[in-house]
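Report on the following structure.
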Protein chains: 2
Amino acid sequence: MNFNSKTVSNVTSLSIRQIDYWDRTHFIKPSVSEATGYGSLRLYSFHDLIQLKFAKTLLDKGVSLQKIRKAVIYLKKNMPEIKKPLLELKFLTDGETIFVITENDKKIINTLKSGQLVFSIALGKIVEDLKGEVVSMQKDKTYSVTVRGRKYSVMLRVDTEDGGYWIESPSLPGCASQGDTIEEALEMIKDAIEGHLEVVDKKRKVKKAS
Amino acid sequence: MNFNSKTVSNVTSLSIRQIDYWDRTHFIKPSVSEATGYGSLRLYSFHDLIQLKFAKTLLDKGVSLQKIRKAVIYLKKNMPEIKKPLLELKFLTDGETIFVITENDKKIINTLKSGQLVFSIALGKIVEDLKGEVVSMQKDKTYSVTVRGRKYSVMLRVDTEDGGYWIESPSLPGCASQGDTIEEALEMIKDAIEGHLEVVDKKRKVKKAS
DNA sequence: GATTATAATTACATGGATGTAATTATAAAG
DNA sequence: CTTTATAATTACATCCATGTAATTATAATC
């Protein structure tokens, strides 16, 4: 699922101006679709959303934008696998460089003793919150697929658990699938419907034989 | 001992402009003598110097000035007794307020877990460094005091250990004292010289008697 | 195809922070 | 008392970041 500037602004509490400025200064650019002039759209991915929210969170904490730039560069390069439960990431800086430090309490205390700045970002929580926002805002999309010459209505939604898309056929209970892209999900649900129909055929044949 | 703007700039690595700006914006004002126009002098105390260096250190770490303002306000109000060995002070912020936290590792880790910004300032080291700077820059001042109708040359220097001034009479070994102000130190050294002379008198009387 | 909506773009402004340099009133030195 | 030195002050400029609003090319809708 992709997000335009307006949606990004709503979800991250950043102003449109900030989003624009950060794009123009090559800080955080929309990775799905860049602006190409009037009438075009900036489209951000979910990962972009995480970075934007991350930066906004640090800004609100009083970290300078220059420092945040470095933190986001690091985040882009070393984005850890986001998984449950909530993951906390801890960063430290000596004023020049930004490092992510391990979940090692002793190391954290030691770096503080050496006079450093440490800030903790609950990245897992950021991701969870963003997922919640995305889910609550999305409308299920209805598609129509044809299997064996007949049309079936299917519903597609963003899969916030595994990424990609979830798809199901409401008129055929239990008939569902998922795919990384919309096209793939549509193919997969066709296969699922096909399989469902085969089961129905078999049952009918058994009935006829008895 | 007091410090003018030029000295403050040298010792803290702040520009004259920054020192001026921070005074005019009521951030850190010279507590000994405020500017009153052309030809006047801003005079900062050692405590002021600590605050300025503290703020500069945070600025270099990438903390925003607005955040630093709050930290310095806190520092002014709750300046802990500076003592050896080097003291580390740890601050945390939730983005709105600044708190000093105890030397409690568990509490530090917990506040980090809750997504806060923590920065550690080795205030003791700042103080030590500033003391070193002050000592290396000062010239001993020579004064003349009169005791029992005779003049004695004494030397005065800033006492970086206890604050105030140290004073001694080079021509009378072991004859030294200290005071919180220059005047007080001069009175104290007079008393010390008086005492020294009394000991000398007693020795002479004992010699005569034998 | 015409009309409307929309997000990007452009433009100007503001505020905070700081750099650079000329001016000035006073203190220090001779 | 005159001359020189000095730090504060004034003034203008720059940079970064952001606010606000008008403009515009394109997409969406009818």
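Labels for the structure tokens follow display order: chains A, B, ..., residues from 1 in each chain, ligands from 1.
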Residue neighbourhood stretch 16-32 of chain B, 9 Å, only C-alpha atoms (C1' of nucleotides), exclusion window fewer than 5 positions, as a ChimeraX atom specification:
/B:2-6,8-9,42-45,47-48,51-52,69,72-73 /C:17-19 /D:8
Take the residues from that selection and put them in a file with N, CA and C atoms (P, O5', C5', C4', C3', O3' and C1' of nucleotides), as an mmCIF file, in the first residue's frame.
```
data_model
loop_
_atom_site.group_PDB
_atom_site.id
_atom_site.type_symbol
_atom_site.label_atom_id
_atom_site.label_comp_id
_atom_site.auth_asym_id
_atom_site.auth_seq_id
_atom_site.Cartn_x
_atom_site.Cartn_y
_atom_site.Cartn_z
ATOM 1 N N ASN B 2 36.823 36.834 38.096
ATOM 2 C CA ASN B 2 35.771 37.089 37.127
ATOM 3 C C ASN B 2 36.323 37.022 35.702
ATOM 4 N N PHE B 3 35.419 36.895 34.790
ATOM 5 C CA PHE B 3 35.840 36.685 33.402
ATOM 6 C C PHE B 3 35.070 37.598 32.459
ATOM 7 N N ASN B 4 35.814 38.259 31.591
ATOM 8 C CA ASN B 4 35.130 39.099 30.613
ATOM 9 C C ASN B 4 34.767 38.274 29.382
ATOM 10 N N SER B 5 34.071 38.889 28.438
ATOM 11 C CA SER B 5 33.549 38.162 27.297
ATOM 12 C C SER B 5 34.633 37.471 26.482
ATOM 13 N N LYS B 6 35.746 38.173 26.316
ATOM 14 C CA LYS B 6 36.836 37.627 25.520
ATOM 15 C C LYS B 6 37.370 36.347 26.152
ATOM 16 N N VAL B 8 35.794 34.435 28.297
ATOM 17 C CA VAL B 8 34.751 33.423 28.231
ATOM 18 C C VAL B 8 34.767 32.742 26.870
ATOM 19 N N SER B 9 34.919 33.541 25.834
ATOM 20 C CA SER B 9 34.940 33.008 24.482
ATOM 21 C C SER B 9 36.101 32.044 24.304
ATOM 22 N N ARG B 42 30.986 42.987 30.397
ATOM 23 C CA ARG B 42 30.258 41.842 30.928
ATOM 24 C C ARG B 42 31.257 41.039 31.743
ATOM 25 N N LEU B 43 30.896 40.772 32.984
ATOM 26 C CA LEU B 43 31.777 39.961 33.831
ATOM 27 C C LEU B 43 31.029 38.732 34.332
ATOM 28 N N TYR B 44 31.597 37.579 34.009
ATOM 29 C CA TYR B 44 30.983 36.307 34.382
ATOM 30 C C TYR B 44 31.735 35.679 35.550
ATOM 31 N N SER B 45 30.984 35.004 36.391
ATOM 32 C CA SER B 45 31.590 34.262 37.498
ATOM 33 C C SER B 45 31.979 32.864 37.030
ATOM 34 N N HIS B 47 30.765 30.116 38.102
ATOM 35 C CA HIS B 47 29.501 29.380 37.940
ATOM 36 C C HIS B 47 28.888 29.665 36.569
ATOM 37 N N ASP B 48 28.922 30.942 36.173
ATOM 38 C CA ASP B 48 28.425 31.308 34.841
ATOM 39 C C ASP B 48 29.200 30.546 33.778
ATOM 40 N N GLN B 51 27.963 27.082 33.370
ATOM 41 C CA GLN B 51 26.699 27.022 32.621
ATOM 42 C C GLN B 51 26.948 27.191 31.126
ATOM 43 N N LEU B 52 27.821 28.131 30.786
ATOM 44 C CA LEU B 52 28.102 28.397 29.372
ATOM 45 C C LEU B 52 28.749 27.193 28.701
ATOM 46 N N ARG B 69 18.034 25.422 26.810
ATOM 47 C CA ARG B 69 17.574 26.472 27.715
ATOM 48 C C ARG B 69 16.961 25.865 28.968
ATOM 49 N N VAL B 72 19.599 24.270 31.227
ATOM 50 C CA VAL B 72 20.401 25.238 31.984
ATOM 51 C C VAL B 72 19.589 25.843 33.118
ATOM 52 N N ILE B 73 18.309 26.062 32.874
ATOM 53 C CA ILE B 73 17.452 26.548 33.962
ATOM 54 C C ILE B 73 17.482 25.558 35.118
ATOM 55 P P DA C 17 17.024 30.323 19.285
ATOM 56 O "O5'" DA C 17 18.339 30.476 18.411
ATOM 57 C "C5'" DA C 17 18.681 29.445 17.488
ATOM 58 C "C4'" DA C 17 19.868 29.861 16.664
ATOM 59 C "C3'" DA C 17 21.006 30.505 17.454
ATOM 60 O "O3'" DA C 17 22.143 29.658 17.319
ATOM 61 C "C1'" DA C 17 20.562 31.686 15.436
ATOM 62 P P DT C 18 23.487 30.007 18.065
ATOM 63 O "O5'" DT C 18 24.289 30.799 16.935
ATOM 64 C "C5'" DT C 18 24.458 30.180 15.670
ATOM 65 C "C4'" DT C 18 25.025 31.161 14.693
ATOM 66 C "C3'" DT C 18 26.245 31.935 15.189
ATOM 67 O "O3'" DT C 18 27.363 31.495 14.452
ATOM 68 C "C1'" DT C 18 24.745 33.319 13.964
ATOM 69 P P DG C 19 28.786 32.155 14.637
ATOM 70 O "O5'" DG C 19 28.916 33.056 13.327
ATOM 71 C "C5'" DG C 19 28.660 32.459 12.043
ATOM 72 C "C4'" DG C 19 29.010 33.463 10.962
ATOM 73 C "C3'" DG C 19 30.297 34.223 11.223
ATOM 74 O "O3'" DG C 19 31.001 34.360 9.987
ATOM 75 C "C1'" DG C 19 28.495 35.759 11.033
ATOM 76 P P DA D 8 31.562 42.964 26.264
ATOM 77 O "O5'" DA D 8 30.434 44.037 25.918
ATOM 78 C "C5'" DA D 8 30.254 45.146 26.793
ATOM 79 C "C4'" DA D 8 29.409 46.208 26.114
ATOM 80 C "C3'" DA D 8 28.080 45.689 25.563
ATOM 81 O "O3'" DA D 8 27.083 46.659 25.871
ATOM 82 C "C1'" DA D 8 29.344 46.681 23.812
#
```
What do you get for the Cα RMSD if chain A is superposed onto chain B using all Cα atoms in their order?
0.4 Å
Compute the chain D side of the contact with chain A at 10 Å, counting only C-alpha atoms (C1' of nucleotides), and hand it back as a ChimeraX atom specification.
/D:16-19,24-27
Identify all chain C residues at most 7 Å from chain B by counting only C-alpha atoms (C1' of nucleotides); ligands do not count. Present them as a tab-separated table (two decimals) with N, CA and C atoms (P, O5', C5', C4', C3', O3' and C1' of nucleotides), in the first residue's frame.
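The new file part.tsv reads:
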```tsv
chain	number	residue	atom	x	y	z
C	24	DT	P	28.73	56.57	15.31
C	24	DT	O5'	28.94	56.20	16.84
C	24	DT	C5'	27.99	55.35	17.49
C	24	DT	C4'	28.44	55.11	18.92
C	24	DT	C3'	29.11	56.31	19.57
C	24	DT	O3'	28.62	56.42	20.90
C	24	DT	C1'	30.49	54.42	19.78
C	25	DA	P	28.24	57.85	21.45
C	25	DA	O5'	28.30	57.61	23.03
C	25	DA	C5'	27.67	56.46	23.58
C	25	DA	C4'	28.56	55.83	24.63
C	25	DA	C3'	29.19	56.82	25.61
C	25	DA	O3'	29.02	56.28	26.91
C	25	DA	C1'	30.89	55.48	24.62
C	26	DT	P	29.29	57.21	28.14
C	26	DT	O5'	30.53	56.46	28.80
C	26	DT	C5'	30.44	55.07	29.03
C	26	DT	C4'	31.83	54.46	29.11
C	26	DT	C3'	32.75	55.12	30.12
C	26	DT	O3'	33.00	54.19	31.16
C	26	DT	C1'	33.86	54.59	28.09
C	27	DA	P	33.91	54.56	32.35
C	27	DA	O5'	35.22	53.72	32.02
C	27	DA	C5'	35.09	52.33	31.70
C	27	DA	C4'	36.47	51.75	31.41
C	27	DA	C3'	37.53	52.07	32.45
C	27	DA	O3'	38.37	50.93	32.60
C	27	DA	C1'	38.18	52.97	30.33
```
May I have a table of the residues of chain A lying at most 6 Å from chain B, giving each one's closest pair of atoms and their distance in Å to one decimal, counting only C-alpha atoms, ordered by chain and ascending residue number, as JSON lines?
```
{"residue": "A:Asp60", "atom": "CA", "partner": "B:Gly95", "partner_atom": "CA", "distance": 5.8}
{"residue": "A:Lys61", "atom": "CA", "partner": "B:Gly95", "partner_atom": "CA", "distance": 3.9}
{"residue": "A:Gly62", "atom": "CA", "partner": "B:Ser64", "partner_atom": "CA", "distance": 5.5}
{"residue": "A:Val63", "atom": "CA", "partner": "B:Val63", "partner_atom": "CA", "distance": 5.0}
{"residue": "A:Ser64", "atom": "CA", "partner": "B:Ser64", "partner_atom": "CA", "distance": 5.2}
{"residue": "A:Lys67", "atom": "CA", "partner": "B:Gly62", "partner_atom": "CA", "distance": 5.8}
{"residue": "A:Gly95", "atom": "CA", "partner": "B:Lys61", "partner_atom": "CA", "distance": 3.9}
{"residue": "A:Leu112", "atom": "CA", "partner": "B:Ser120", "partner_atom": "CA", "distance": 5.3}
{"residue": "A:Gly115", "atom": "CA", "partner": "B:Ser120", "partner_atom": "CA", "distance": 4.8}
{"residue": "A:Gln116", "atom": "CA", "partner": "B:Ser120", "partner_atom": "CA", "distance": 5.7}
{"residue": "A:Leu117", "atom": "CA", "partner": "B:Phe119", "partner_atom": "CA", "distance": 4.2}
{"residue": "A:Val118", "atom": "CA", "partner": "B:Val118", "partner_atom": "CA", "distance": 5.1}
{"residue": "A:Phe119", "atom": "CA", "partner": "B:Leu117", "partner_atom": "CA", "distance": 4.2}
{"residue": "A:Ser120", "atom": "CA", "partner": "B:Gly115", "partner_atom": "CA", "distance": 4.9}
{"residue": "A:Ile121", "atom": "CA", "partner": "B:Gly115", "partner_atom": "CA", "distance": 5.3}
{"residue": "A:Ala122", "atom": "CA", "partner": "B:Gly115", "partner_atom": "CA", "distance": 5.9}
```
In Å, with one decimal, what is the gap from atom CA of B:His196 to atom CA of B:Ser177?
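If I compute the distance from atom CA of B:His196 to atom CA of B:Ser177, I get 12.1 Å.
Neighbours of C:DT3 closer than or equal to 10 Å, with only C-alpha atoms (C1' of nucleotides) counted and sequence neighbours fewer than 2 positions away skipped, come out as C:DG1, C:DA5, D:DT29, D:DC30.
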Output C-alpha atoms (C1' of nucleotides) for every residue in that selection, as a PDB file, in the first residue's frame.
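Done, and the output landed in again_30.pdb:
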```
ATOM      1  C1'  DG C   1     -14.883  17.591 -24.006  1.00  0.00           C
ATOM      2  C1'  DA C   5     -10.464  18.801  -7.657  1.00  0.00           C
TER       3       DA C   5
ATOM      4  C1'  DT D  29     -15.221  13.417 -12.463  1.00  0.00           C
ATOM      5  C1'  DC D  30     -19.333  14.376 -14.953  1.00  0.00           C
TER       6       DC D  30
END
```
Give the strand (DSSP E or B) residues of chain A, as assigned by DSSP on the backbone, as a ChimeraX atom specification.
/A:3-4,33,43-44,63,89-93,98-101,117-121,141-147,150-158,165-168,176-179
Mind writing the picked residues with C-alpha atoms as a PDB file, in the first residue's frame?
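Generated output (result_32.pdb):
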```pdb
ATOM      1  CA  PHE A   3       0.641   6.801   0.804  1.00  0.00           C
ATOM      2  CA  ASN A   4       0.322  10.243  -0.658  1.00  0.00           C
ATOM      3  CA  SER A  33       6.797   7.701  -6.749  1.00  0.00           C
ATOM      4  CA  LEU A  43       3.886   8.250  -3.021  1.00  0.00           C
ATOM      5  CA  TYR A  44       5.543   6.890   0.075  1.00  0.00           C
ATOM      6  CA  VAL A  63      17.081  16.640  18.724  1.00  0.00           C
ATOM      7  CA  LEU A  89      16.131   0.728  19.292  1.00  0.00           C
ATOM      8  CA  LYS A  90      18.689   2.813  21.132  1.00  0.00           C
ATOM      9  CA  PHE A  91      20.921   5.324  19.438  1.00  0.00           C
ATOM     10  CA  LEU A  92      23.908   7.145  20.759  1.00  0.00           C
ATOM     11  CA  THR A  93      25.909  10.027  19.431  1.00  0.00           C
ATOM     12  CA  ILE A  98      25.295   8.171  15.143  1.00  0.00           C
ATOM     13  CA  PHE A  99      25.443   4.561  16.240  1.00  0.00           C
ATOM     14  CA  VAL A 100      22.814   2.049  17.130  1.00  0.00           C
ATOM     15  CA  ILE A 101      23.683   0.259  20.291  1.00  0.00           C
ATOM     16  CA  LEU A 117      23.744  11.537  24.087  1.00  0.00           C
ATOM     17  CA  VAL A 118      21.473   8.523  24.016  1.00  0.00           C
ATOM     18  CA  PHE A 119      17.975   8.455  22.711  1.00  0.00           C
ATOM     19  CA  SER A 120      15.672   5.533  22.667  1.00  0.00           C
ATOM     20  CA  ILE A 121      13.122   5.097  19.943  1.00  0.00           C
ATOM     21  CA  LYS A 141     -11.144  -2.987  -2.327  1.00  0.00           C
ATOM     22  CA  THR A 142     -13.565  -5.142  -4.253  1.00  0.00           C
ATOM     23  CA  TYR A 143     -12.364  -6.904  -7.366  1.00  0.00           C
ATOM     24  CA  SER A 144     -14.015  -9.254  -9.793  1.00  0.00           C
ATOM     25  CA  VAL A 145     -12.291 -12.419 -11.028  1.00  0.00           C
ATOM     26  CA  THR A 146     -13.470 -14.961 -13.560  1.00  0.00           C
ATOM     27  CA  VAL A 147     -13.083 -18.681 -12.877  1.00  0.00           C
ATOM     28  CA  ARG A 150     -18.178 -17.339 -14.003  1.00  0.00           C
ATOM     29  CA  LYS A 151     -17.502 -14.064 -12.212  1.00  0.00           C
ATOM     30  CA  TYR A 152     -16.701 -13.985  -8.502  1.00  0.00           C
ATOM     31  CA  SER A 153     -16.495 -10.888  -6.341  1.00  0.00           C
ATOM     32  CA  VAL A 154     -13.426 -10.857  -4.087  1.00  0.00           C
ATOM     33  CA  MET A 155     -12.183  -8.435  -1.442  1.00  0.00           C
ATOM     34  CA  LEU A 156      -8.612  -7.254  -1.086  1.00  0.00           C
ATOM     35  CA  ARG A 157      -6.977  -5.679   1.962  1.00  0.00           C
ATOM     36  CA  VAL A 158      -3.520  -4.791   3.144  1.00  0.00           C
ATOM     37  CA  TYR A 165      -2.137  -8.248   0.526  1.00  0.00           C
ATOM     38  CA  TRP A 166      -4.845 -10.499   1.893  1.00  0.00           C
ATOM     39  CA  ILE A 167      -7.674 -11.556  -0.380  1.00  0.00           C
ATOM     40  CA  GLU A 168     -10.822 -13.536   0.111  1.00  0.00           C
ATOM     41  CA  ALA A 176      -8.919 -16.895   0.950  1.00  0.00           C
ATOM     42  CA  SER A 177      -5.291 -16.327   0.074  1.00  0.00           C
ATOM     43  CA  GLN A 178      -2.572 -13.704   0.010  1.00  0.00           C
ATOM     44  CA  GLY A 179       0.133 -12.325  -2.230  1.00  0.00           C
TER      45      GLY A 179
END
```
